[in-house]
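Inspection log for the structure reproduced underneath, given as structure tokens.
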Amino acid sequence: MSSFFSIPGSHKKRKRDHDGSANRRPARPRRPGPTSQPRAAAPKRVERDEEISESDSDLEAAEDEDANASVSEEDEDEDERDETAAQKRLRLATQYLSRVREEVEATGWDAEQIDKDMIAARLEDDVAESKGKVFRRIASDIELGSRPTLFRDNTGTVTSVALCTPYLYLVTKDSRLIKCRLQPPADEQYQQTTRKKPKKQAPPRKRPQRLASVKGSHKKSNDKNFKGHVGQILCVAASDDGKYVATGGDDKRIVVWDSSLKPLRVFTHHRDTVTGLAFRRNSHQMYSSSKDRTIRVWNCDALSFVESLFGHADSALDVDALALERVVSVGARDRTVRLWKVADETQLVFRASSGTGDKKKQIDQGVDPNSLAATGSLDQVAYIDENHFITGSDNGCISLWTLSKKKPLDTIVRAHGLEDPLPLSKASAEKHPHITVVPPPQPRGITSLRALPYSDLILSGSTDGFIRVWKFDEKEKKLESVGILGKPNKGLATNGLVNGIPTDLMEVSNNDEEMLDNESDNGDDNAASTELYKIKGVVNDIAITSRGKTGDNETFSVVCAIGKEYRLGRHGPKIKGAKNGALVFELRKKPRKRGPKALVNGVEESHDAE
């Protein structure tokens with residue numbers, strides 16, 4: 001029985017025609033679109049003869065032009081080959097000036113755009129200077145004859161000072177932290193705001209204005225919740241933006257304050273006296289040194305401790321830092337300077353020699369050879385730039401160091417002279433002692449040292465009563481003496497020698513100071529202004545900053561912490577009339593020297609010899 005379901009699949013297929021026309025679909029007729037147009041007829045061909053003749057003439061003209069151009073280019077190439085390097089520079093400069101002249105004639109001068117370009121260039125210079133990319137040479141251009149301003153606050157010995165323009169912070173041994181405001185420059189205090197004839201103005205204000213003060217309490221040494229100091233405050237530092245102020249003292253505490261002197265956090269990680277503090281530039285990262293021989297790193301934004309750096313064999317007495325994540329410290333009697341690379345967790349060790357530096361400078365000029373004391377303790381350190389720093393020791397030497405050399409590049413011997421020799425009555429108990437029993441005078445130790453960052457200006461202080469100014473010669477890699485603050489001294493030379501005479505013999509004695517006081521009391525102002533200003537006390541710290549101006553009108557503020565005692569001791573030299581307080585020097589740049597000029601056809605003409 002056959003059915004549809006039982007038939008195989010091969011028989012179910014439909015039979016196809018041999019021509020295959022049955023399965024073909026009819027082609028659809030193409031409908032012309034609404035925009036379709038009949039094709040245009042092809043243009044008639046132009047006669048070939050005319051085209052060939054025209055193309056031949058054009059080719060001949062082009063070949064002539066190419067030949068002339070190639071000849072001129074060859075001539076120019078020969079001329080360029082014959083000219084020297086100087087002639088080539090002159091030719092290129094002339095071409096550039098001609099192009100600039102054409103652009104200016106076409107568009108004209110735009111004064112507003114020129115002002116914008118000048119402001120932008122000035123801002124770029126300021127940013128580069130703040131980042132340490134510009135090294136400034138200003139030590140020789142500063143006028144040193146400014147008279148200082150002394151201000152006191154009935155406190156103990158002022159141990160340290162910090163500047164954050166226009167504010168300054170002082171700390172004392174009686175646990176006080178004082179905030180003051182520096183007075184603006186004299187030309188900005190009484191500005192004329194009207195067109196009327198100016199009246200007689202009062203003398204400019206010089207004394208800093210006291211804003212706030214806080215004092216610790218020795219009675220709360222057992223109170224762990226007390227946010228303040230319970231002992232002497234020995235160091236202070238302020239961040240660049242003035243947001244944080246940090247203090248440290250012999251109570252092993254570091255207190256972080258805000259700008260209104262409100263305590264934020266107290267750190268008690270150190271196991272001995274905190275001797276130094278420094279903030280990293282443009283950052284809130286802080287470094288501290290202590291007598292427990294450690295350097296510690298802090299984060300003031302988080303108010304937290306970061307890490308400890310070990311390596312010193314004796315007390316770490318001072319610390320300094322710049323923009324990079326590096327810190328330099330000195331280790332007192334281990335006679336080492338250590339530069340810590342915090343990010344890399346490495347350190348560079350520089351060892352001071354036991355002598356006084358270069359033997360060629362130890363020339364006998366009436367000074368006892370025993371007075372050239374060996375280095376006993378490195379007490380001060382300051383950064384110049386990222387590759388150079390300076391140190392001060394108790395034997396009166398100031399040394400210049402670089403990262404590429406383990407020994408100092410230069411050493412200033414007896415930078416602040418020698419101590420006064422002992423009288424015979426104190427040197428011996430005999431009635432008629434011989435002069436040989438008097439010990440040789442020793443050099444005055446360096447009690448303070450500071451450098452203006454990224455510049456060649458260096459300041460140092462001691463017990464001789466003067467702030468001495470030094471210049472860092474970047475090319476010669478040495479230190480040169482510039483003068484003394486309070487009185488410019490052009491005759492002062494390097495290494496304490498003036499015309500072969502030691503500077504110890506040129507210093508102002510107490511008798512000269514009394515004569516100066518008598519002359520000032522008698523009204524002889526001219527005589528007083530020509531004398532050196534002698535500081536009565538120990539210079540425990542120096543801070544220097546720029547007041548923000550640029551160019552010839554730039555001013556610098558120097559603040560010195562003065563006291564009857566040393567910063568790290570209760571003893572001190574017996575200085576007649578010593579006082580506790582601070583001194584403020586306002587320094588300006590010297591005016592530029594201009595030669596005599598005459599008018600020729602209405603134009604100034606200089607007669608300076610070329």
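We name chains A, B, ... following the order of the structure tokens; residues begin at 1 in each chain, and ligands are numbered from 1 as shown.
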Q) Can you list every residue in range 151-284 of chain A that DSSP puts in helix (DSSP H, G or I), as a list in words? A) Ala186, Asp187, Glu188, Gln189, His218, Lys219 and Lys220 of chain A
(Q) Which residues are near range 252-254 of chain A? Cut-off 6 Å, only C-alpha atoms, ignore same chain within fewer than 3 positions. Put them as number ranges by chain. (A) A: 247-248, 266-268, 270, 272-274
Q. Contacts of Pro408 in chain A at 10 Å or less, counting only C-alpha atoms, minus same-chain residues fewer than 3 places along, as a ChimeraX atom specification?
A. /A:350-353,357-358,389-391,398-403,405,411,478
Q | Residues within 10 Å of Gly577 in chain A, only C-alpha atoms, excluding chain neighbours under 4 positions, as a PyMOL selection string | A | chain A and resi 510+535-537+564
Q | Of the listed residues A:Gln232, A:Ser140, A:Thr94, A:Gln285, that which approaches Val171 in chain A most closely, counting only C-alpha atoms | A | A:Gln232
